[in-house]
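Structure below is coords_12.csv: CSV, N, CA and C atoms.
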chain,number,residue,atom,x,y,z
A,1,MET,N,-4.4,-6.5,-34.6
A,1,MET,CA,-3.4,-6.4,-33.4
A,1,MET,C,-3.6,-5.1,-32.7
A,2,ILE,N,-3.7,-4.0,-33.5
A,2,ILE,CA,-3.8,-2.7,-32.9
A,2,ILE,C,-5.1,-2.6,-32.1
A,3,LEU,N,-6.2,-3.2,-32.5
A,3,LEU,CA,-7.4,-3.2,-31.7
A,3,LEU,C,-7.3,-3.8,-30.4
A,4,PHE,N,-6.4,-4.8,-30.3
A,4,PHE,CA,-6.2,-5.5,-29.0
A,4,PHE,C,-5.3,-4.7,-28.1
A,5,THR,N,-4.2,-4.1,-28.6
A,5,THR,CA,-3.2,-3.4,-27.7
A,5,THR,C,-3.7,-2.1,-27.3
A,6,LEU,N,-4.5,-1.4,-28.0
A,6,LEU,CA,-5.0,-0.1,-27.6
A,6,LEU,C,-5.8,-0.2,-26.3
A,7,PRO,N,-6.8,-1.1,-26.1
A,7,PRO,CA,-7.5,-1.2,-24.8
A,7,PRO,C,-6.6,-1.6,-23.7
A,8,VAL,N,-5.6,-2.5,-24.0
A,8,VAL,CA,-4.7,-2.9,-22.9
A,8,VAL,C,-3.8,-1.7,-22.5
A,9,LEU,N,-3.3,-0.9,-23.4
A,9,LEU,CA,-2.6,0.3,-23.0
A,9,LEU,C,-3.4,1.2,-22.2
A,10,PHE,N,-4.7,1.4,-22.6
A,10,PHE,CA,-5.6,2.3,-21.9
A,10,PHE,C,-5.8,1.8,-20.5
A,11,ILE,N,-6.1,0.6,-20.3
A,11,ILE,CA,-6.4,0.0,-19.0
A,11,ILE,C,-5.1,0.1,-18.1
A,12,SER,N,-4.0,-0.2,-18.6
A,12,SER,CA,-2.8,-0.2,-17.8
A,12,SER,C,-2.4,1.2,-17.4
A,13,ALA,N,-2.6,2.2,-18.3
A,13,ALA,CA,-2.4,3.6,-17.9
A,13,ALA,C,-3.3,4.1,-16.9
A,14,PHE,N,-4.6,3.7,-17.0
A,14,PHE,CA,-5.6,4.1,-16.1
A,14,PHE,C,-5.3,3.5,-14.7
A,15,THR,N,-4.8,2.3,-14.6
A,15,THR,CA,-4.5,1.6,-13.4
A,15,THR,C,-3.3,2.3,-12.7
A,16,LEU,N,-2.3,2.7,-13.5
A,16,LEU,CA,-1.2,3.4,-12.9
A,16,LEU,C,-1.5,4.7,-12.3
A,17,VAL,N,-2.4,5.5,-13.0
A,17,VAL,CA,-2.8,6.8,-12.5
A,17,VAL,C,-3.6,6.7,-11.2
A,18,ASN,N,-4.5,5.7,-11.1
A,18,ASN,CA,-5.3,5.6,-9.9
A,18,ASN,C,-4.8,4.7,-8.8
A,19,ALA,N,-3.6,4.1,-9.0
A,19,ALA,CA,-3.1,3.2,-8.0
A,19,ALA,C,-2.8,3.9,-6.7
A,20,THR,N,-2.4,5.2,-6.7
A,20,THR,CA,-2.1,5.9,-5.5
A,20,THR,C,-3.3,6.2,-4.7
A,21,GLU,N,-4.5,6.1,-5.3
A,21,GLU,CA,-5.7,6.4,-4.5
A,21,GLU,C,-5.9,5.3,-3.4
A,22,TYR,N,-5.4,4.2,-3.6
A,22,TYR,CA,-5.7,3.0,-2.7
A,22,TYR,C,-4.5,2.8,-1.8
A,23,LEU,N,-3.6,3.6,-1.7
A,23,LEU,CA,-2.4,3.5,-0.8
A,23,LEU,C,-2.8,4.1,0.5
A,24,LEU,N,-2.2,3.6,1.6
A,24,LEU,CA,-2.3,4.2,2.9
A,24,LEU,C,-1.6,5.5,3.0
A,25,SER,N,-2.2,6.4,3.7
A,25,SER,CA,-1.5,7.7,3.9
A,25,SER,C,-0.5,7.6,4.9
A,26,CYS,N,0.4,8.5,5.1
A,26,CYS,CA,1.5,8.5,6.1
A,26,CYS,C,0.8,8.5,7.5
A,27,LYS,N,-0.2,9.3,7.6
A,27,LYS,CA,-0.9,9.4,8.9
A,27,LYS,C,-1.5,8.0,9.3
A,28,ASP,N,-2.2,7.4,8.3
A,28,ASP,CA,-2.8,6.1,8.6
A,28,ASP,C,-1.7,5.0,8.9
A,29,TYR,N,-0.7,5.0,8.2
A,29,TYR,CA,0.4,4.1,8.4
A,29,TYR,C,1.0,4.2,9.8
A,30,ASP,N,1.3,5.5,10.2
A,30,ASP,CA,1.8,5.7,11.5
A,30,ASP,C,0.9,5.2,12.6
A,31,TRP,N,-0.4,5.5,12.5
A,31,TRP,CA,-1.4,5.1,13.4
A,31,TRP,C,-1.5,3.6,13.6
A,32,LEU,N,-1.5,2.9,12.4
A,32,LEU,CA,-1.5,1.4,12.4
A,32,LEU,C,-0.3,0.8,13.1
A,33,VAL,N,0.9,1.4,12.7
A,33,VAL,CA,2.1,0.8,13.3
A,33,VAL,C,2.2,1.1,14.8
A,34,ASN,N,1.8,2.3,15.2
A,34,ASN,CA,1.9,2.6,16.7
A,34,ASN,C,1.0,1.6,17.5
A,35,ASN,N,-0.2,1.4,16.9
A,35,ASN,CA,-1.1,0.4,17.6
A,35,ASN,C,-0.7,-1.0,17.5
A,36,LEU,N,0.0,-1.3,16.4
A,36,LEU,CA,0.5,-2.7,16.2
A,36,LEU,C,1.6,-3.0,17.3
A,37,GLU,N,2.4,-2.0,17.5
A,37,GLU,CA,3.5,-2.1,18.5
A,37,GLU,C,3.0,-2.3,19.9
A,38,LYS,N,1.8,-1.8,20.2
A,38,LYS,CA,1.2,-1.9,21.5
A,38,LYS,C,0.6,-3.3,21.7
A,39,SER,N,0.4,-4.1,20.7
A,39,SER,CA,-0.2,-5.4,20.8
A,39,SER,C,0.6,-6.4,21.6
A,40,LYS,N,-0.1,-7.0,22.5
A,40,LYS,CA,0.6,-8.1,23.2
A,40,LYS,C,0.2,-9.5,22.8
A,41,VAL,N,-0.7,-9.5,21.8
A,41,VAL,CA,-1.2,-10.8,21.2
A,41,VAL,C,-0.3,-11.4,20.2
A,42,MET,N,0.4,-10.5,19.4
A,42,MET,CA,1.2,-11.0,18.3
A,42,MET,C,2.7,-11.1,18.7
A,43,SER,N,3.4,-12.0,18.1
A,43,SER,CA,4.8,-12.1,18.4
A,43,SER,C,5.5,-11.0,17.6
A,44,PRO,N,6.8,-10.6,18.0
A,44,PRO,CA,7.5,-9.6,17.2
A,44,PRO,C,7.7,-10.0,15.7
A,45,ALA,N,7.8,-11.3,15.4
A,45,ALA,CA,8.0,-11.7,14.0
A,45,ALA,C,6.7,-11.5,13.3
A,46,GLU,N,5.6,-11.7,13.9
A,46,GLU,CA,4.3,-11.4,13.2
A,46,GLU,C,4.1,-10.0,13.0
A,47,GLN,N,4.5,-9.2,14.0
A,47,GLN,CA,4.4,-7.7,13.9
A,47,GLN,C,5.3,-7.2,12.7
A,48,ILE,N,6.4,-7.8,12.6
A,48,ILE,CA,7.3,-7.3,11.5
A,48,ILE,C,6.7,-7.7,10.1
A,49,ASP,N,6.1,-8.9,10.0
A,49,ASP,CA,5.5,-9.3,8.8
A,49,ASP,C,4.4,-8.4,8.4
A,50,ILE,N,3.6,-8.0,9.4
A,50,ILE,CA,2.4,-7.1,9.1
A,50,ILE,C,3.0,-5.7,8.7
A,51,LYS,N,4.0,-5.2,9.4
A,51,LYS,CA,4.6,-3.9,9.1
A,51,LYS,C,5.1,-3.9,7.6
A,52,LEU,N,5.8,-5.0,7.2
A,52,LEU,CA,6.3,-5.0,5.9
A,52,LEU,C,5.1,-5.0,4.8
A,53,THR,N,4.1,-5.7,5.1
A,53,THR,CA,2.9,-5.7,4.3
A,53,THR,C,2.3,-4.3,4.2
A,54,MET,N,2.2,-3.7,5.3
A,54,MET,CA,1.6,-2.3,5.3
A,54,MET,C,2.5,-1.4,4.6
A,55,MET,N,3.8,-1.5,4.7
A,55,MET,CA,4.8,-0.7,4.0
A,55,MET,C,4.6,-0.8,2.5
A,56,GLU,N,4.3,-2.0,2.0
A,56,GLU,CA,4.1,-2.2,0.5
A,56,GLU,C,2.8,-1.5,0.1
A,57,GLN,N,1.9,-1.3,1.0
A,57,GLN,CA,0.6,-0.7,0.7
A,57,GLN,C,0.5,0.8,1.1
A,58,THR,N,1.6,1.4,1.4
A,58,THR,CA,1.6,2.8,1.8
A,58,THR,C,2.3,3.6,0.8
A,59,ASP,N,1.9,4.9,0.7
A,59,ASP,CA,2.4,5.8,-0.2
A,59,ASP,C,4.0,5.9,-0.1
A,60,PRO,N,4.7,5.7,-1.1
A,60,PRO,CA,6.2,5.7,-1.0
A,60,PRO,C,6.8,7.0,-0.5
A,61,LYS,N,6.1,8.1,-0.6
A,61,LYS,CA,6.5,9.4,-0.1
A,61,LYS,C,6.8,9.3,1.4
A,62,CYS,N,6.1,8.5,2.1
A,62,CYS,CA,6.2,8.4,3.6
A,62,CYS,C,7.6,7.9,4.0
A,63,PHE,N,8.3,7.2,3.1
A,63,PHE,CA,9.6,6.6,3.5
A,63,PHE,C,10.8,7.3,2.9
A,64,GLU,N,10.6,8.5,2.4
A,64,GLU,CA,11.7,9.2,1.7
A,64,GLU,C,12.5,10.0,2.8
Would you write out, as structure tokens, the structure that this file holds?
Amino acid sequence: MILFTLPVLFISAFTLVNATEYLLSCKDYDWLVNNLEKSKVMSPAEQIDIKLTMMEQTDPKCFE
């Protein structure tokens, strides 16, 4: 049992440490949202859905 849980703990800890590498920066998020708001192709509801998805993939520090 110990041989199984040790690699799982290592992998999950490694994933948590490196998860922030793949988040959007505040600058990138602002740029995307500003250009999204200029779009005349998407409805406001679609824009909100995309913004919410981008918020989930952005560094939480941007929203403090």
request  = Using DSSP on the backbone coordinates, identify the residues of stretch 18-54 of chain A assigned to helix (DSSP H, G or I); present them as a list in words.
outcome  = Asn18, Ala19, Thr20, Glu21, Tyr22, Cys26, Lys27, Asp28, Tyr29, Asp30, Trp31, Leu32, Val33, Asn34, Asn35, Leu36, Glu37, Lys38, Pro44, Ala45, Glu46, Gln47, Ile48, Asp49, Ile50, Lys51, Leu52, Thr53 and Met54 of chain A
d(atom CA of A:Ser25, atom N of A:Lys61) in Å = 8.8 Å
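Of note, atom CA of A:Ser43 and atom CA of A:Phe63 are spaced 24.4 Å apart.
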message = When you count only N, CA and C atoms, which of these residues is closest to A:Tyr22: A:Lys40, A:Glu64, A:Gln57, A:Ile50?
response =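 Of the candidates, the smallest distance to A:Tyr22 is held by A:Gln57.
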task = Give me, please, the distance in Å between atom N of A:Ser39 and atom N of A:Leu52, quoted to one decimal.
result =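 Result for atom N of A:Ser39 versus atom N of A:Leu52: 14.6 Å, one decimal.
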